[in-house]
$ cat work35.txt   # compact mmCIF, C-alpha atoms (C1' of nucleotides)
# COMPACT_ATOMS: atom_id res chain seq x y z
CA MET B 1046 46.30 4.04 36.35
CA GLN B 1047 47.37 7.52 35.35
CA PRO B 1048 46.81 9.70 32.26
CA VAL B 1049 49.58 9.91 29.68
CA ILE B 1050 48.18 13.24 28.50
CA GLU B 1051 47.21 16.16 30.76
CA HIS B 1052 45.26 19.29 29.93
CA PRO B 1053 43.33 21.96 31.84
CA TRP B 1054 39.68 21.33 32.72
CA GLN B 1055 38.71 24.84 33.71
CA LEU B 1056 37.75 26.00 30.26
CA THR B 1057 34.96 27.90 28.61
CA PRO B 1058 32.66 25.82 26.42
CA ALA B 1059 34.24 27.40 23.34
CA GLU B 1060 37.74 26.49 24.52
CA ALA B 1061 36.61 22.97 25.35
CA ALA B 1062 35.33 22.45 21.81
CA VAL B 1063 38.65 23.66 20.40
CA LEU B 1064 40.51 21.18 22.60
CA GLN B 1065 38.25 18.38 21.38
CA ASN B 1066 39.12 19.22 17.81
CA GLU B 1067 42.83 18.92 18.66
CA LEU B 1068 42.61 15.69 20.65
CA ARG B 1069 40.27 13.97 18.22
CA GLN B 1070 43.24 13.24 15.95
CA ARG B 1071 44.66 10.88 18.58
CA VAL B 1072 41.67 8.52 18.50
CA GLU B 1073 42.52 5.07 17.11
CA ARG B 1074 39.60 3.36 15.42
CA ASN B 1075 41.20 -0.06 14.96
CA ASP B 1076 41.90 -2.84 17.42
CA ARG B 1077 45.01 -2.44 19.52
CA LEU B 1078 44.22 -4.77 22.37
CA GLN B 1079 46.18 -7.07 24.55
CA ALA B 1080 44.68 -10.11 26.21
CA ILE B 1081 41.63 -8.95 28.15
CA ARG B 1082 41.83 -10.05 31.75
CA HIS B 1083 39.97 -7.19 33.43
CA VAL B 1084 37.21 -4.88 32.22
CA ALA B 1085 36.27 -1.71 34.08
CA GLY B 1086 32.91 0.02 33.97
CA VAL B 1087 32.65 3.63 35.03
CA ASP B 1088 29.54 5.61 35.86
CA VAL B 1089 28.85 9.03 37.29
CA GLY B 1090 26.26 10.38 39.68
CA TYR B 1091 25.65 13.68 41.40
CA GLU B 1092 25.25 14.73 45.02
CA ALA B 1093 24.25 17.89 46.83
CA GLY B 1094 21.92 19.02 44.09
CA GLY B 1095 24.56 18.62 41.43
CA ARG B 1096 27.32 20.53 43.19
CA VAL B 1097 29.36 17.36 43.69
CA THR B 1098 30.20 14.83 40.98
CA ARG B 1099 30.73 11.23 42.09
CA ALA B 1100 32.36 8.62 39.89
CA ALA B 1101 32.36 4.89 40.61
CA ALA B 1102 34.49 2.28 38.88
CA ALA B 1103 33.93 -1.46 38.96
CA VAL B 1104 36.51 -3.95 37.73
CA LEU B 1105 35.31 -7.33 36.54
CA ALA B 1106 37.45 -10.30 35.65
CA TYR B 1107 36.99 -11.28 32.02
CA PRO B 1108 35.27 -13.35 30.80
CA SER B 1109 33.89 -14.59 34.12
CA LEU B 1110 32.55 -11.09 34.95
CA GLN B 1111 33.27 -11.66 38.61
CA LEU B 1112 33.60 -8.41 40.56
CA VAL B 1113 37.17 -8.00 41.74
CA GLU B 1114 37.54 -4.33 42.72
CA THR B 1115 35.62 -1.05 43.05
CA SER B 1116 36.59 2.54 43.66
CA VAL B 1117 34.80 5.85 44.16
CA ALA B 1118 35.87 9.48 43.95
CA ARG B 1119 34.13 12.82 44.40
CA CYS B 1120 34.93 16.19 42.84
CA PRO B 1121 33.23 19.57 43.01
CA THR B 1122 31.19 19.93 39.83
CA SER B 1123 32.96 22.63 37.81
CA PHE B 1124 31.48 22.47 34.34
CA PRO B 1125 27.83 22.76 33.23
CA TYR B 1126 26.03 20.09 31.29
CA VAL B 1127 26.40 21.05 27.64
CA PRO B 1128 25.49 18.47 24.97
CA GLY B 1129 28.74 17.50 23.28
CA LEU B 1130 30.92 18.62 26.20
CA LEU B 1131 29.95 16.02 28.79
CA ALA B 1132 33.55 14.89 29.25
CA PHE B 1133 34.51 18.23 30.77
CA ARG B 1134 31.86 17.76 33.41
CA GLU B 1135 32.42 14.10 34.25
CA LEU B 1136 35.96 13.03 33.41
CA PRO B 1137 37.75 14.73 36.32
CA ALA B 1138 35.85 12.52 38.77
CA VAL B 1139 36.19 9.47 36.52
CA LEU B 1140 39.97 9.89 36.31
CA ALA B 1141 40.16 10.24 40.09
CA ALA B 1142 38.18 7.04 40.60
CA LEU B 1143 40.32 5.13 38.10
CA ALA B 1144 43.51 6.43 39.72
CA ARG B 1145 42.46 4.68 42.92
CA LEU B 1146 42.29 1.23 41.35
CA LYS B 1147 45.05 -1.21 42.13
CA ILE B 1148 44.21 -3.26 39.06
CA THR B 1149 44.87 -1.70 35.65
CA PRO B 1150 41.95 -2.76 33.42
CA ASP B 1151 42.60 -3.81 29.83
CA LEU B 1152 39.38 -2.19 28.63
CA ILE B 1153 37.00 0.47 29.94
CA LEU B 1154 33.28 0.65 29.17
CA CYS B 1155 31.94 4.18 29.47
CA ASP B 1156 28.43 5.50 30.06
CA GLY B 1157 28.43 7.92 27.12
CA GLN B 1158 29.34 8.18 23.45
CA GLY B 1159 32.68 7.48 21.79
CA ILE B 1160 33.03 8.84 18.27
CA ALA B 1161 29.23 9.04 17.89
CA HIS B 1162 29.65 12.72 18.68
CA PRO B 1163 29.40 15.98 16.73
CA ARG B 1164 33.21 16.29 16.66
CA ARG B 1165 33.82 12.51 16.85
CA PHE B 1166 35.25 12.91 20.33
CA GLY B 1167 32.78 11.88 23.00
CA LEU B 1168 33.54 11.05 26.61
CA ALA B 1169 34.69 7.49 25.91
CA SER B 1170 37.15 8.58 23.22
CA HIS B 1171 38.39 11.40 25.43
CA LEU B 1172 39.04 9.04 28.33
CA GLY B 1173 40.76 6.48 26.11
CA VAL B 1174 43.08 9.05 24.59
CA LEU B 1175 44.06 10.53 27.96
CA LEU B 1176 44.81 7.10 29.45
CA ASP B 1177 45.95 5.42 26.22
CA VAL B 1178 43.66 2.51 27.07
CA PRO B 1179 41.06 0.77 24.90
CA THR B 1180 37.58 2.21 25.57
CA ILE B 1181 34.04 1.67 24.33
CA GLY B 1182 31.20 4.17 24.36
CA ALA B 1183 27.92 2.62 25.56
CA ALA B 1184 25.24 5.28 25.90
CA LYS B 1185 21.60 4.88 26.86
CA THR B 1186 20.30 7.49 24.42
CA ARG B 1187 21.32 9.12 21.16
CA LEU B 1188 23.41 12.25 20.91
CA THR B 1189 23.74 12.48 17.15
CA GLY B 1190 23.13 10.32 14.10
CA HIS B 1191 20.14 8.46 12.64
CA HIS B 1192 19.22 4.79 12.67
CA ASP B 1193 16.56 2.17 12.17
CA GLU B 1194 15.20 0.34 15.19
CA PRO B 1195 17.11 -2.94 15.66
CA PRO B 1196 15.04 -6.16 15.67
CA ASN B 1197 13.80 -7.11 19.10
CA VAL B 1198 16.23 -10.00 19.40
CA LYS B 1199 19.29 -10.30 21.61
CA GLY B 1200 22.42 -9.38 19.67
CA ALA B 1201 20.59 -7.59 16.85
CA TRP B 1202 21.96 -4.23 15.82
CA THR B 1203 21.60 -1.49 13.22
CA PRO B 1204 24.19 1.06 12.12
CA LEU B 1205 24.15 4.55 13.59
CA LEU B 1206 24.65 6.86 10.64
CA ASP B 1207 25.59 10.49 10.17
CA ASP B 1208 24.73 10.95 6.52
CA ALA B 1209 26.70 8.12 4.87
CA GLU B 1210 29.23 7.72 7.69
CA THR B 1211 28.81 4.88 10.18
CA ILE B 1212 29.58 6.34 13.59
CA GLY B 1213 28.28 3.55 15.80
CA ALA B 1214 25.70 0.82 16.30
CA VAL B 1215 22.35 0.55 18.06
CA VAL B 1216 22.63 -2.77 19.87
CA ARG B 1217 19.91 -4.91 21.45
CA THR B 1218 21.63 -6.46 24.46
CA ARG B 1219 18.48 -8.40 25.38
CA ALA B 1220 15.09 -8.93 23.78
CA GLY B 1221 12.51 -6.54 25.16
CA VAL B 1222 14.86 -3.84 26.43
CA LYS B 1223 15.88 -0.50 25.01
CA PRO B 1224 18.93 -0.78 22.76
CA VAL B 1225 22.29 0.72 23.74
CA TYR B 1226 24.23 3.15 21.57
CA VAL B 1227 27.67 1.60 21.04
CA SER B 1228 30.54 3.45 19.44
CA ILE B 1229 34.30 3.28 19.17
CA GLY B 1230 36.00 4.90 22.10
CA HIS B 1231 39.69 4.28 21.50
CA ARG B 1232 41.80 1.39 20.19
CA VAL B 1233 38.85 -0.84 19.30
CA CYS B 1234 37.02 -1.18 16.00
CA LEU B 1235 33.22 -1.04 15.92
CA LYS B 1236 32.86 -4.79 15.42
CA THR B 1237 34.96 -5.46 18.51
CA ALA B 1238 33.10 -2.79 20.46
CA ILE B 1239 29.78 -4.47 19.70
CA GLU B 1240 31.07 -7.93 20.61
CA LEU B 1241 32.63 -6.84 23.87
CA THR B 1242 29.59 -4.79 24.85
CA LEU B 1243 27.39 -7.84 24.33
CA ALA B 1244 29.82 -9.97 26.31
CA CYS B 1245 29.89 -7.55 29.24
CA VAL B 1246 26.44 -5.97 29.24
CA THR B 1247 24.12 -8.72 27.99
CA CYS B 1248 23.11 -9.79 31.44
CA TYR B 1249 23.62 -6.26 32.81
CA ARG B 1250 26.48 -7.41 34.99
CA LEU B 1251 28.56 -4.34 34.37
CA PRO B 1252 25.95 -1.65 35.03
CA GLU B 1253 24.74 -3.70 37.96
CA THR B 1254 28.10 -3.80 39.64
CA THR B 1255 28.77 -0.17 38.88
CA ARG B 1256 25.50 0.77 40.53
CA HIS B 1257 26.52 -1.39 43.43
CA ALA B 1258 29.67 0.65 43.77
CA HIS B 1259 27.51 3.76 43.87
CA HIS B 1260 25.37 2.25 46.57
CA LEU B 1261 28.44 1.55 48.62
CA ALA B 1262 29.40 5.16 48.21
CA SER B 1263 25.96 6.37 49.27
CA ALA B 1264 25.74 4.14 52.30
CA LYS B 1265 29.08 5.25 53.64
CA LYS B 1266 29.61 8.96 53.98
CA ASP B 1267 33.26 8.44 53.21
CA ASP B 1268 34.67 6.66 50.19
CA ALA B 1269 34.40 2.96 49.53
C1' DG C 1348 14.58 31.36 12.70
C1' DC C 1349 13.29 26.63 14.70
C1' DG C 1350 14.35 22.05 16.55
C1' DA C 1351 17.83 18.69 18.74
C1' DC C 1352 20.63 17.92 22.41
C1' DA C 1353 25.36 11.69 25.92
C1' DG C 1354 24.74 12.68 31.49
C1' DA L 654 21.99 13.35 35.83
C1' DT L 655 18.33 14.14 39.88
C1' DC L 656 13.64 15.08 41.76
C1' DT L 657 8.90 13.80 41.41
C1' DT L 658 3.29 13.48 40.01
C1' DG L 659 0.37 11.64 37.05
C1' DT L 660 -0.49 8.62 32.91
C1' DC L 661 -0.03 5.00 29.31
C1' DG L 662 0.84 0.33 27.56
C1' DC L 663 1.53 -4.56 28.10

$ encode --input "work35.txt" --output "structure tokens"
Amino acid sequence: MQPVIEHPWQLTPAEAAVLQNELRQRVERNDRLQAIRHVAGVDVGYEAGGRVTRAAAAVLAYPSLQLVETSVARCPTSFPYVPGLLAFRELPAVLAALARLKITPDLILCDGQGIAHPRRFGLASHLGVLLDVPTIGAAKTRLTGHHDEPPNVKGAWTPLLDDAETIGAVVRTRAGVKPVYVSIGHRVCLKTAIELTLACVTCYRLPETTRHAHHLASAKKDDA
DNA sequence: GCGACAG
DNA sequence: ATCTTGTCGC
């Protein structure tokens, strides 16, 4: 799969924030989905003390969640970690990994926020807009917003609020585990994002297989 | 001015 | 994120 929108990545943090404010208008917060046959999970890791960014993608058939394809790509790390600008550090490698897939997924789950972001344009929204594909933000920790702790029951969730605005949900994928921060990425409403996250992440199949793709990449010096 | 801060 | 020692809670 290839982006439908291109833009430079070698930007200053100030320029990157300006670009986010322009692209944020393209985010669609309602469902615009076709039949889901394949779901991709993408995750990023670093090598060589952070000088190299490695992205791994895992495609699962839906709803069986059987692994059907993986890909890996490496890029020189060319942007610092700045809270709110993570996409400029990680998306170049993510796009390269996704470009190597033969299968075009109908949905992408991202390790990062969607609109639960200071400018409502986190990594998942950014990726969705560039590819014009439905995406969901599923982050392990909070970037912005306040919330109550969800009940310790599988499927329980509480709204993630920025003042009175609901920007996401804190979702308990399993009893006894830390909740995940779910937010709209692109072309899915929050309700759908929560449901699909539970369907794909409840038994940790997606993160598991994505990590597996990373392991393949680590074991082999070349790409998998 | 002082905290907070996806990965 | 990644690296890594010691500590806390179930």

$ interface_residues --input "work35.txt" --of "chain L" --to "chain B" --cutoff "10 Å" --atoms "all atoms listed in the file" --output "list of chain:residue names"
L:DA654, L:DT655, L:DC656

$ interface_residues --input "work35.txt" --of "chain C" --to "chain B" --cutoff "12 Å" --atoms "all atoms listed in the file" --output "ChimeraX atom specification"
/C:1351-1354

$ residues_around --input "work35.txt" --residues "segment 1210-1222 of chain B" --least-positions-apart "4" --cutoff "10 Å" --atoms "all atoms listed in the file" --output "PyMOL selection string"
chain B and resi 1158-1162+1165+1182-1187+1189-1206+1226-1229+1234-1236+1238-1240+1242-1249

$ atom_distance --input "work35.txt" --atom1 "atom CA of Cys1120 of chain B" --atom2 "atom CA of Ala1102 of chain B"
14.5 Å

$ residues_around --input "work35.txt" --residues "Val1087 of chain B" --least-positions-apart "3" --cutoff "8 Å" --atoms "all atoms listed in the file" --output "ChimeraX atom specification"
/B:1100-1103,1139,1153-1156,1255

$ axis_aligned_box --input "work35.txt" --around "segment 1164-1183 of chain B" --padding-each-side "5 Å" --output "lines of an AutoDock Vina configuration file"
center_x = 36.9
center_y = 8.5
center_z = 23.1
size_x = 28.0
size_y = 25.5
size_z = 22.8

$ atom_distance --input "work35.txt" --atom1 "atom CA of Thr1180 of chain B" --atom2 "atom CA of Arg1232 of chain B"
6.9 Å

$ atom_distance --input "work35.txt" --atom1 "atom CA of Asp1151 of chain B" --atom2 "atom CA of Ala1080 of chain B"
7.6 Å

$ build_atoms --input "work35.txt" --residues "segment 1127-1141 of chain B" --atoms "N, CA, C and O atoms" --output "compact mmCIF listing (two decimals), in the frame of the given file"
# COMPACT_ATOMS: atom_id res chain seq x y z
N VAL B 1127 26.59 20.52 28.99
CA VAL B 1127 26.40 21.05 27.64
C VAL B 1127 26.47 19.85 26.70
O VAL B 1127 27.47 19.12 26.71
N PRO B 1128 25.44 19.59 25.90
CA PRO B 1128 25.49 18.47 24.97
C PRO B 1128 26.72 18.57 24.08
O PRO B 1128 26.96 19.59 23.45
N GLY B 1129 27.52 17.51 24.07
CA GLY B 1129 28.74 17.50 23.28
C GLY B 1129 29.98 17.79 24.11
O GLY B 1129 31.10 17.55 23.66
N LEU B 1130 29.78 18.29 25.33
CA LEU B 1130 30.92 18.62 26.20
C LEU B 1130 30.84 17.89 27.54
O LEU B 1130 31.41 18.32 28.54
N LEU B 1131 30.15 16.77 27.53
CA LEU B 1131 29.95 16.02 28.79
C LEU B 1131 31.25 15.63 29.47
O LEU B 1131 31.34 15.60 30.69
N ALA B 1132 32.27 15.34 28.68
CA ALA B 1132 33.55 14.89 29.25
C ALA B 1132 34.13 15.92 30.21
O ALA B 1132 34.74 15.56 31.22
N PHE B 1133 33.92 17.19 29.92
CA PHE B 1133 34.51 18.23 30.77
C PHE B 1133 33.78 18.34 32.11
O PHE B 1133 34.31 18.88 33.06
N ARG B 1134 32.60 17.78 32.16
CA ARG B 1134 31.86 17.76 33.41
C ARG B 1134 32.17 16.51 34.23
O ARG B 1134 32.28 16.57 35.45
N GLU B 1135 32.35 15.38 33.53
CA GLU B 1135 32.42 14.10 34.25
C GLU B 1135 33.79 13.47 34.35
O GLU B 1135 34.06 12.71 35.28
N LEU B 1136 34.69 13.76 33.41
CA LEU B 1136 35.96 13.03 33.41
C LEU B 1136 36.87 13.33 34.60
O LEU B 1136 37.60 12.43 35.03
N PRO B 1137 36.89 14.53 35.15
CA PRO B 1137 37.75 14.73 36.32
C PRO B 1137 37.47 13.73 37.45
O PRO B 1137 38.39 13.14 38.03
N ALA B 1138 36.20 13.49 37.73
CA ALA B 1138 35.85 12.52 38.77
C ALA B 1138 36.16 11.10 38.32
O ALA B 1138 36.63 10.27 39.11
N VAL B 1139 35.92 10.81 37.05
CA VAL B 1139 36.19 9.47 36.52
C VAL B 1139 37.68 9.16 36.62
O VAL B 1139 38.08 8.07 37.05
N LEU B 1140 38.52 10.11 36.24
CA LEU B 1140 39.97 9.89 36.31
C LEU B 1140 40.41 9.67 37.75
O LEU B 1140 41.29 8.84 38.03
N ALA B 1141 39.80 10.40 38.67
CA ALA B 1141 40.16 10.24 40.09
C ALA B 1141 39.78 8.86 40.59
O ALA B 1141 40.52 8.21 41.34
